[in-house]
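work_30.cif (mmCIF, C-alpha atoms)
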```
data_final
#
loop_
_atom_site.label_atom_id
_atom_site.label_comp_id
_atom_site.auth_asym_id
_atom_site.auth_seq_id
_atom_site.Cartn_x
_atom_site.Cartn_y
_atom_site.Cartn_z
CA MET A 173 27.39 19.14 -9.77
CA SER A 174 29.85 17.80 -7.27
CA ASP A 175 29.49 20.94 -5.14
CA ASN A 176 25.78 20.35 -5.01
CA HIS A 177 26.30 16.75 -4.03
CA ASP A 178 28.60 17.74 -1.18
CA ARG A 179 26.20 20.38 0.02
CA PHE A 180 23.35 17.88 -0.05
CA ALA A 181 25.47 15.34 1.83
CA ARG A 182 26.32 17.92 4.51
CA LEU A 183 22.65 18.72 5.03
CA PHE A 184 21.42 15.16 4.72
CA SER A 185 23.89 13.43 7.01
CA PRO A 186 22.58 14.94 10.28
CA VAL A 187 18.96 14.20 9.26
CA TYR A 188 19.68 10.59 8.32
CA PRO A 189 19.35 8.95 11.79
CA ARG A 190 15.90 10.44 12.41
CA LEU A 191 14.82 9.74 8.87
CA ARG A 192 15.85 6.12 9.33
CA ARG A 193 13.85 5.85 12.54
CA PHE A 194 10.85 7.42 10.82
CA ALA A 195 11.18 4.92 7.96
CA HIS A 196 11.25 2.04 10.44
CA GLY A 197 8.06 3.42 11.95
CA LEU A 198 6.38 3.47 8.57
CA THR A 199 7.42 0.35 6.71
CA GLY A 200 7.12 -2.62 9.06
CA SER A 201 10.36 -4.22 7.86
CA PRO A 202 13.98 -3.19 8.47
CA ALA A 203 14.94 -3.97 4.87
CA ASP A 204 12.07 -1.86 3.50
CA ALA A 205 12.98 0.95 5.88
CA ASP A 206 16.55 1.13 4.62
CA ASP A 207 15.37 0.91 1.02
CA LEU A 208 13.00 3.77 1.69
CA VAL A 209 15.71 5.98 3.16
CA GLN A 210 18.07 5.11 0.29
CA ASN A 211 15.41 5.99 -2.29
CA ALA A 212 14.49 9.17 -0.43
CA ALA A 213 18.15 10.22 -0.39
CA GLU A 214 18.33 9.68 -4.14
CA ARG A 215 15.13 11.55 -4.80
CA GLY A 216 16.24 14.36 -2.52
CA MET A 217 19.52 14.64 -4.37
CA ASN A 218 17.80 14.66 -7.75
CA LYS A 219 15.34 17.33 -6.63
CA PHE A 220 17.86 19.29 -4.62
CA ALA A 221 17.59 22.26 -7.01
CA GLN A 222 13.98 22.64 -5.82
CA TYR A 223 14.94 22.86 -2.17
CA GLN A 224 14.51 26.46 -1.05
CA GLU A 225 17.38 27.92 0.88
CA GLY A 226 16.25 29.16 4.29
CA THR A 227 13.45 26.62 4.68
CA ARG A 228 13.92 23.59 6.87
CA PHE A 229 15.84 20.89 5.09
CA ASP A 230 14.78 18.20 7.57
CA SER A 231 11.08 18.89 6.95
CA TRP A 232 11.75 18.79 3.22
CA MET A 233 13.39 15.36 3.50
CA PHE A 234 10.71 14.01 5.82
CA ARG A 235 8.12 15.05 3.28
CA ILE A 236 9.99 13.38 0.42
CA THR A 237 10.36 10.20 2.47
CA ARG A 238 6.70 10.15 3.43
CA ASN A 239 5.55 10.74 -0.15
CA LEU A 240 7.78 7.95 -1.44
CA TRP A 241 6.38 5.61 1.18
CA ILE A 242 2.81 6.50 0.17
CA ASP A 243 3.68 5.82 -3.48
CA THR A 244 5.17 2.44 -2.59
CA THR A 245 2.21 1.50 -0.43
CA ARG A 246 -0.22 2.38 -3.19
CA ALA A 247 1.79 0.45 -5.75
CA ARG A 248 1.72 -2.59 -3.52
CA GLY A 249 -1.98 -2.22 -2.88
CA ARG A 250 -3.60 -4.92 -0.88
CA ARG A 251 -0.53 -7.09 -0.82
CA ASP A 252 0.81 -4.99 2.02
CA ALA A 253 -1.87 -5.94 4.51
CA ARG A 254 -1.29 -9.60 3.88
CA GLU A 255 2.44 -9.29 4.33
CA LEU A 256 2.38 -7.68 7.70
CA PRO A 257 2.36 -10.73 9.97
CA GLU A 258 5.10 -12.27 7.82
CA ALA A 259 7.23 -9.17 7.77
CA ALA A 260 7.10 -8.80 11.50
CA GLY A 261 8.36 -12.33 11.72
CA LEU A 262 8.88 -12.54 15.44
CA ALA A 263 6.79 -14.73 17.65
CA VAL A 264 5.26 -12.79 20.50
CA GLY A 265 5.99 -14.69 23.65
CA HIS A 266 4.02 -14.80 26.82
CA ASP A 267 5.12 -12.28 29.35
CA PRO A 268 3.49 -12.67 32.75
CA ARG A 269 4.34 -9.10 33.74
CA PRO A 270 1.85 -6.31 33.18
CA ALA A 271 2.14 -4.63 29.79
CA THR A 272 3.67 -1.51 31.22
CA GLU A 273 6.61 -3.42 32.67
CA ALA A 274 7.38 -5.56 29.66
CA ARG A 275 10.02 -4.07 27.44
CA LEU A 276 8.87 -3.50 23.91
CA ASP A 277 11.41 -4.67 21.36
CA LEU A 278 11.86 -3.21 17.90
CA GLY A 279 10.32 -6.17 16.08
CA ARG A 280 7.11 -5.94 18.00
CA ALA A 281 7.04 -2.15 17.98
CA MET A 282 7.32 -2.21 14.18
CA GLU A 283 4.61 -4.84 13.99
CA MET A 284 2.33 -2.68 16.10
CA MET A 285 2.98 0.39 13.96
CA ALA A 286 2.42 -1.64 10.79
CA ARG A 287 -1.05 -2.56 11.99
CA LEU A 288 -2.14 1.06 12.11
CA PRO A 289 -3.85 2.51 9.04
CA ALA A 290 -1.33 4.50 7.00
CA GLU A 291 -2.84 7.89 7.82
CA GLN A 292 -2.62 7.22 11.57
CA ARG A 293 0.78 5.59 11.30
CA GLU A 294 2.48 8.60 9.72
CA VAL A 295 1.04 10.98 12.30
CA VAL A 296 2.04 8.72 15.20
CA ALA A 297 5.55 8.26 13.78
CA LEU A 298 6.08 11.99 13.34
CA ILE A 299 4.70 13.02 16.72
CA LEU A 300 5.35 10.14 19.14
CA LEU A 301 8.59 8.89 17.58
CA GLU A 302 10.07 12.04 16.09
CA GLY A 303 8.69 14.43 18.68
CA MET A 304 7.39 16.94 16.14
CA GLY A 305 4.71 19.44 17.09
CA TYR A 306 1.15 19.19 15.79
CA ARG A 307 1.51 22.30 13.64
CA GLU A 308 4.75 21.14 12.11
CA VAL A 309 3.15 17.81 11.21
CA ALA A 310 0.04 19.52 9.83
CA GLU A 311 2.25 21.56 7.50
CA LEU A 312 4.38 18.60 6.54
CA LEU A 313 1.34 16.49 5.64
CA ASP A 314 -0.78 19.35 4.28
CA LEU A 315 -3.56 18.59 6.74
CA PRO A 316 -5.68 20.71 9.05
CA ILE A 317 -4.30 20.56 12.57
CA GLY A 318 -7.60 19.09 13.84
CA THR A 319 -7.18 16.13 11.49
CA VAL A 320 -3.67 15.54 12.78
CA SER A 321 -4.95 15.65 16.33
CA SER A 322 -7.83 13.24 15.77
CA ARG A 323 -5.68 10.74 13.83
CA LEU A 324 -3.11 10.87 16.59
CA VAL A 325 -5.77 10.07 19.20
CA ARG A 326 -7.02 7.07 17.24
CA GLY A 327 -3.54 5.81 16.52
CA ARG A 328 -2.19 6.00 20.04
CA LYS A 329 -5.32 4.40 21.51
CA ALA A 330 -4.95 1.49 19.09
CA LEU A 331 -1.28 1.15 20.02
CA LEU A 332 -2.03 1.13 23.73
CA GLU A 333 -4.53 -1.64 23.14
CA MET A 334 -1.96 -3.66 21.17
CA LEU A 335 0.62 -3.11 23.90
CA GLY A 336 -1.75 -4.77 26.35
CA GLU A 337 -2.73 -7.62 24.02
CA ALA A 338 0.30 -9.84 24.42
CA THR A 339 -0.29 -10.15 28.13
CA ASN A 340 -4.01 -10.72 27.98
CA ASP A 341 -4.24 -13.67 25.64
CA MET B 244 -11.24 19.98 19.89
CA THR B 245 -12.92 17.19 21.81
CA ASP B 246 -12.11 16.65 25.50
CA GLU B 247 -10.17 13.59 24.48
CA GLU B 248 -8.13 15.48 21.90
CA GLU B 249 -7.49 18.20 24.43
CA PHE B 250 -6.32 15.63 26.96
CA PHE B 251 -3.75 14.26 24.51
CA ALA B 252 -2.73 17.73 23.34
CA TRP B 253 -2.06 18.50 27.01
CA LEU B 254 -0.03 15.31 27.32
CA ASP B 255 2.04 16.38 24.30
CA GLY B 256 2.61 19.89 25.64
CA GLU B 257 0.58 21.42 22.82
CA LEU B 258 -1.75 23.61 24.90
CA ASP B 259 -1.20 27.19 25.93
CA ALA B 260 -0.63 27.90 29.61
CA GLU B 261 -4.25 28.58 30.45
CA ALA B 262 -5.70 25.51 28.76
CA SER B 263 -2.87 23.40 30.06
CA ALA B 264 -3.59 24.40 33.66
CA ARG B 265 -7.26 23.64 33.15
CA VAL B 266 -6.61 20.12 31.83
CA ALA B 267 -3.97 19.46 34.48
CA ALA B 268 -6.56 20.25 37.15
CA ARG B 269 -9.12 18.01 35.47
CA VAL B 270 -6.63 15.13 35.34
CA ALA B 271 -5.46 15.64 38.91
CA ALA B 272 -9.05 15.36 40.09
CA ASP B 273 -9.73 12.14 38.21
CA PRO B 274 -7.73 8.99 39.07
CA ALA B 275 -8.90 7.28 35.88
CA LEU B 276 -7.56 10.13 33.74
CA GLU B 277 -4.37 10.17 35.75
CA ALA B 278 -3.88 6.47 35.10
CA LEU B 279 -4.61 6.99 31.40
CA ALA B 280 -2.03 9.76 31.24
CA ALA B 281 0.54 7.48 32.85
CA GLU B 282 -0.26 4.65 30.42
CA HIS B 283 0.13 6.90 27.40
CA ARG B 284 3.36 8.40 28.69
CA GLU B 285 4.61 4.85 29.14
CA LEU B 286 3.50 3.97 25.59
CA GLY B 287 5.50 6.88 24.19
CA ASP B 288 8.55 5.92 26.23
CA GLN B 289 8.29 2.28 25.17
CA LEU B 290 7.94 3.21 21.49
CA ARG B 291 10.89 5.59 21.53
CA GLY B 292 12.93 3.04 23.45
CA ALA B 293 12.08 0.28 20.99
CA PHE B 294 12.96 2.40 17.96
CA ALA B 295 16.13 3.85 19.48
CA PRO B 296 18.40 1.23 17.85
CA THR B 297 17.34 2.49 14.41
CA LEU B 298 19.09 5.82 15.04
CA ALA B 299 22.31 4.97 13.25
CA PRO B 300 24.80 7.36 11.65
CA MET B 301 24.68 7.62 7.88
CA PRO B 302 26.78 5.00 6.08
CA ALA B 303 29.41 6.77 3.98
CA GLU B 304 28.38 4.96 0.81
CA LEU B 305 24.69 5.84 1.06
CA LEU B 306 25.10 8.79 -1.28
CA ALA B 307 27.71 7.12 -3.44
CA SER B 308 25.38 5.98 -6.19
CA ARG B 309 24.53 9.50 -7.36
CA PRO B 310 23.63 9.97 -10.98
CA GLY B 311 26.63 11.04 -13.02
CA ALA B 312 29.03 9.59 -10.52
CA GLU B 313 31.62 7.23 -11.84
CA ARG B 314 30.15 3.77 -11.74
CA VAL B 315 31.94 1.04 -9.90
CA ALA B 316 32.67 -1.87 -12.21
CA ALA B 317 30.06 -4.57 -11.93
CA ASN B 318 32.56 -7.19 -10.85
CA ASP B 319 34.14 -4.96 -8.23
CA ASN B 320 32.61 -6.02 -4.97
CA ARG B 321 33.92 -3.30 -2.72
CA ARG B 322 31.11 -0.78 -2.78
CA TRP B 323 28.53 -3.47 -2.90
CA ALA B 324 30.18 -5.37 -0.06
CA SER B 325 29.97 -2.40 2.29
CA GLY B 326 26.29 -2.06 1.55
CA LEU B 327 25.97 -5.75 2.16
CA ALA B 328 27.71 -5.48 5.50
CA ILE B 329 25.03 -3.06 6.61
CA ALA B 330 22.22 -5.22 5.36
CA ALA B 331 23.82 -8.20 7.05
CA SER B 332 24.25 -6.46 10.36
CA LEU B 333 20.61 -5.49 10.31
CA ALA B 334 19.47 -8.98 9.59
CA VAL B 335 21.88 -10.40 12.10
CA ALA B 336 20.53 -8.14 14.79
CA PHE B 337 17.15 -9.33 13.71
CA LEU B 338 17.99 -13.00 14.01
CA PHE B 339 20.55 -13.35 16.78
CA GLY B 340 19.05 -15.25 19.65
CA THR B 341 15.63 -14.99 18.16
CA GLN B 342 13.60 -18.11 18.06
CA ILE B 343 12.43 -18.58 14.52
CA GLY B 344 9.45 -20.63 13.67
CA GLY B 345 8.83 -21.84 17.19
CA GLY B 346 6.00 -20.92 19.47
CA GLY B 347 7.12 -22.52 22.70
CA GLU B 348 8.44 -21.07 25.89
CA GLY B 349 12.17 -21.73 25.87
CA ALA B 350 14.34 -19.66 23.57
CA GLY B 351 15.68 -21.88 20.82
CA PRO B 352 18.94 -21.31 19.05
CA GLY B 353 19.14 -18.42 16.59
CA LEU B 354 19.87 -19.05 12.94
CA VAL B 355 23.23 -17.35 13.06
CA GLY B 356 26.00 -17.08 15.59
CA GLN B 357 29.62 -16.04 15.73
CA VAL B 358 32.71 -18.23 15.60
CA ASP B 359 36.11 -16.55 15.75
CA GLY B 360 34.67 -13.28 14.50
CA MET B 361 33.01 -15.01 11.57
CA VAL B 362 29.22 -14.95 11.29
CA VAL B 363 28.11 -18.54 10.77
CA ALA B 364 24.90 -20.48 10.37
CA GLN B 365 23.79 -22.47 13.36
CA GLY B 366 20.80 -24.48 14.56
CA PRO B 367 18.23 -25.39 11.93
CA LEU B 368 19.90 -23.22 9.29
CA ALA B 369 23.25 -25.04 9.62
CA ALA B 370 21.43 -28.37 9.58
CA ALA B 371 19.55 -27.45 6.43
CA LEU B 372 22.71 -26.24 4.67
CA ASP B 373 24.44 -29.50 5.62
CA THR B 374 21.78 -31.86 4.41
CA ARG B 375 18.90 -30.37 2.47
CA LEU B 376 18.55 -30.44 -1.27
CA ALA B 377 16.76 -27.76 -3.26
CA ALA B 378 14.29 -30.42 -4.33
CA ASP B 379 13.48 -31.52 -0.78
CA PRO B 380 9.95 -30.77 0.40
CA ALA B 381 9.64 -27.28 1.81
CA GLY B 382 10.71 -27.06 5.43
CA GLU B 383 11.53 -24.18 7.71
CA VAL B 384 14.68 -23.44 5.75
CA ARG B 385 14.67 -23.77 1.98
CA ILE B 386 17.72 -24.17 -0.16
CA GLY B 387 18.06 -22.36 -3.47
CA LEU B 388 21.22 -22.61 -5.53
CA THR B 389 24.30 -24.64 -4.74
CA PHE B 390 27.54 -23.57 -6.41
CA ALA B 391 31.29 -23.12 -6.03
CA ASP B 392 32.94 -19.75 -5.48
CA GLY B 393 36.37 -18.44 -6.49
CA ALA B 394 37.99 -19.97 -3.41
CA ASP B 395 36.43 -23.32 -4.36
CA ARG B 396 34.12 -23.22 -1.40
CA LEU B 397 30.73 -24.85 -1.54
CA CYS B 398 28.11 -22.10 -1.37
CA ARG B 399 24.34 -22.23 -1.06
CA SER B 400 21.58 -19.67 -1.13
CA PHE B 401 18.79 -20.15 1.36
CA ALA B 402 15.55 -18.69 2.65
CA ALA B 403 14.47 -18.91 6.27
CA PRO B 404 11.53 -17.31 8.01
CA GLY B 405 12.50 -13.66 8.30
CA ALA B 406 15.65 -13.74 6.21
CA GLN B 407 17.33 -14.86 3.01
CA GLY B 408 20.98 -15.13 2.23
CA VAL B 409 23.99 -17.05 1.04
CA ALA B 410 26.40 -19.17 3.05
CA CYS B 411 29.69 -20.81 2.06
CA ARG B 412 31.44 -23.77 3.65
CA GLN B 413 34.55 -22.62 5.46
CA ARG B 414 36.63 -24.46 8.09
CA GLY B 415 33.74 -26.73 8.98
CA ASP B 416 31.20 -23.95 9.37
CA TRP B 417 28.78 -22.24 7.03
CA ALA B 418 30.09 -18.68 6.80
CA ILE B 419 27.28 -16.24 6.15
CA GLU B 420 28.22 -14.24 3.06
CA GLY B 421 25.08 -12.17 3.14
CA LEU B 422 21.86 -12.11 5.07
CA PHE B 423 18.92 -9.96 4.21
CA ALA B 424 15.98 -9.39 6.49
CA GLY B 425 12.63 -9.85 4.89
CA PRO B 426 9.83 -12.33 4.71
CA GLY B 427 11.36 -15.67 3.83
CA GLU B 428 8.20 -16.84 2.12
CA VAL B 429 10.06 -18.54 -0.63
CA GLY B 430 8.36 -21.44 -2.24
CA ASP B 431 10.78 -22.98 -4.65
CA TYR B 432 14.20 -23.21 -6.13
CA ARG B 433 13.67 -20.29 -8.41
CA MET B 434 12.50 -17.96 -5.66
CA ALA B 435 15.28 -18.88 -3.27
CA SER B 436 17.87 -18.12 -5.91
CA GLY B 437 16.33 -15.07 -7.44
CA GLY B 438 13.40 -13.89 -5.30
CA ASP B 439 15.40 -11.24 -3.55
CA PRO B 440 17.52 -9.25 -5.98
CA ARG B 441 20.18 -8.80 -3.32
CA VAL B 442 20.55 -12.56 -2.98
CA ALA B 443 20.78 -12.88 -6.76
CA GLU B 444 23.39 -10.11 -6.82
CA LEU B 445 25.39 -11.87 -4.15
CA VAL B 446 25.25 -15.20 -5.98
CA ASP B 447 26.41 -13.44 -9.15
CA ALA B 448 29.32 -11.89 -7.29
CA LEU B 449 30.46 -15.19 -5.81
CA ILE B 450 29.73 -17.87 -8.35
CA VAL B 451 32.37 -19.43 -10.56
CA GLY B 452 30.95 -21.56 -13.36
CA GLU B 453 27.37 -22.77 -13.37
CA PRO B 454 25.16 -23.62 -10.39
CA TYR B 455 25.21 -27.31 -9.54
CA ASP B 456 22.52 -29.49 -11.03
CA ALA B 457 20.60 -31.89 -8.81
CA ALA B 458 23.15 -34.67 -9.17
CA ALA B 459 26.14 -32.43 -8.44
CA GLU B 460 24.30 -30.92 -5.49
CA ALA B 461 23.59 -34.32 -3.98
CA ALA B 462 27.18 -35.41 -4.58
CA ALA B 463 28.57 -32.28 -2.93
CA LEU B 464 26.54 -33.06 0.19
CA GLY B 465 27.50 -36.71 0.13
CA ARG B 466 23.93 -37.80 -0.48
#
```

Show this structure as structure tokens.
Amino acid sequence: MSDNHDRFARLFSPVYPRLRRFAHGLTGSPADADDLVQNAAERGMNKFAQYQEGTRFDSWMFRITRNLWIDTTRARGRRDARELPEAAGLAVGHDPRPATEARLDLGRAMEMMARLPAEQREVVALILLEGMGYREVAELLDLPIGTVSSRLVRGRKALLEMLGEATND
Amino acid sequence: MTDEEEFFAWLDGELDAEASARVAARVAADPALEALAAEHRELGDQLRGAFAPTLAPMPAELLASRPGAERVAANDNRRWASGLAIAASLAVAFLFGTQIGGGGEGAGPGLVGQVDGMVVAQGPLAAALDTRLAADPAGEVRIGLTFADGADRLCRSFAAPGAQGVACRQRGDWAIEGLFAGPGEVGDYRMASGGDPRVAELVDALIVGEPYDAAAEAAALGR
């Protein structure tokens, strides 16, 4: 029991920082992101017997985290969409510089991600934030690679538009 | 794969050498595509830069609450307090120097600051803790419970846009005992005291006796 816990901790600890970044990309609120990682760690520990030695532990944990997030989003239903502007919480100021020169802060970056539909958001988070390859993401999400690619295109175009918005209003 | 998808796959280094060379030539010959490539590279850099602060090492206590592990006694604050410190640091990072509730140009004061290494309320939060009653009409900062803690300090739970927490009066300042990021859309007394379970947990850990009633609250504030 305790051996298992220690082994899980040894595997989990190096994955934690990336998992936490991924969670921030998904949830739209720092508190929700940390809750998500905490819950994913607990679920991972409880299901650790099902983890297959020799397969990638990080992919296994990313998948658990993503599935938990989907469950939470479904449970919340429509409430989520309404909460987004609140959760982001930070006023977007006027910046006279062109969008590409303005530095994007975490609050606004999370707000932008939170405005993407869930299926684009997870693909963008895994590829643009986490730097995973298309095939890796396709396997992680159980999607055809073409679907990953097309969702990524839509998501990053929407983000680029949002990045320009603050300066054009 | 559409041309557009191929363009982005090229940008992400997903194409084989032959296809990659073909797209590179297409982009090099088209200033508009070149500009688009630059914009999207910049977007990726900005996103990764913005999210970089979330890459934190794992807190030691994250895996402490495993099933079957010995439970920490409910009135023992140590484990809980370390979790709190993390939550607080997150929220503090979130609120420091951030103008809350304003829309103007100049940066207003943040809701929290530091005095002698102690995190304290400032600006509109300090003002609300000093003067507002739970029954006052909803303002930017709402007050929940008012109570005394074991050190006989006056403590109050509050909700502000973007955060909720508890502060206790100490050496003339409101020391922040806990601050939790999250929408502070808290409408009434009941929500401010119990809307966020972490706030409720913190109040439980601190409180000695019963929360003040309206008369005791007003008296404690000299109103």

Query raised in the report: If you measure from atom CA of A:Ile236 to atom CA of B:Leu305, what distance in Å do you get, rounded to one decimal?
Result: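 Between atom CA of A:Ile236 and atom CA of B:Leu305 the gap is 16.5 Å.
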
Report summary line: atom CA of B:Ile419 sits from atom CA of B:Leu449 at a separation of 12.4 Å

Query raised in the report: If the PyMOL selection byres ((chain B and resi 400) around 10) is run on the structure shown, which residues does it catch, given as a list of chain:residue names?
Result: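 Against this file, the PyMOL selection byres ((chain B and resi 400) around 10) returns the residues B:Leu372, B:Ala377, B:Arg385, B:Ile386, B:Gly387, B:Leu388, B:Thr389, B:Phe390, B:Cys398, B:Arg399, B:Phe401, B:Ala402, B:Gln407, B:Gly408, B:Val409, B:Ala410, B:Cys411, B:Ile419, B:Glu420, B:Gly421, B:Leu422, B:Tyr432, B:Ala435, B:Ser436, B:Gly437, B:Val442, B:Ala443, B:Leu445, B:Val446.
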
Report summary line: Among B:Leu306, B:Asp288, B:Ala406, B:Ala378, B:Ala458 is approached most closely, using all atoms listed in the file, by B:Ala378

Requested in this report: Apply the PyMOL selection byres ((chain A and resi 189-192) around 8) to the structure shown and report the selected residues as a PyMOL selection string.
Outcome: (chain A and resi 185-188+193-196+205-206+209+233-234+237+302) or (chain B and resi 297-301)

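Atom CA of B:Met244 to atom CA of B:Val270 spans 16.8 Å [interatomic distance, one decimal].
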
**Report entry** Expansion of the PyMOL selection byres ((chain B and resi 276-286) around 8) into residues, as a ChimeraX atom specification
**Finding:** /A:272,328,331-332,335 /B:254,270-271,273-275,287-290

Query - Minimum-distance residue to chain B, chosen among A:Ala310, A:Ser322, A:Thr227, A:Leu240 (using all atoms listed in the file) - result: A:Ser322

Query raised in the report: Hey, what's within 9 Å of A:Gly303 if we count all atoms listed in the file and toss same-chain stuff fewer than 5 positions away? As number ranges by chain, please?
Result: A: 297-298; B: 255

Query - Among the residues A:Asn239, A:Ala221, A:Met285, A:Leu300, the one that comes closest to A:Ala330 [using all atoms listed in the file] - result: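 Among the listed residues, the smallest separation from A:Ala330 belongs to A:Met285.
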
Requested in this report: Could you give me, as a PyMOL selection string, the residues within 12 Å of B:Trp253, counting only C-alpha atoms and dropping anything in the same chain fewer than 2 positions from it?
Outcome: (chain A and resi 306+321) or (chain B and resi 244+246-251+255-270+280+283-284)

Report task. Name the residues in contact with A:Phe229 at a cut-off of 10 Å, using only C-alpha atoms, excluding same-chain residues fewer than 4 positions from it; report them as a list of chain:residue names. Result ->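 Those residues are A:Phe180, A:Leu183, A:Phe184, A:Val187, A:Tyr223, A:Gln224, A:Glu225, A:Met233, A:Phe234, A:Arg235.
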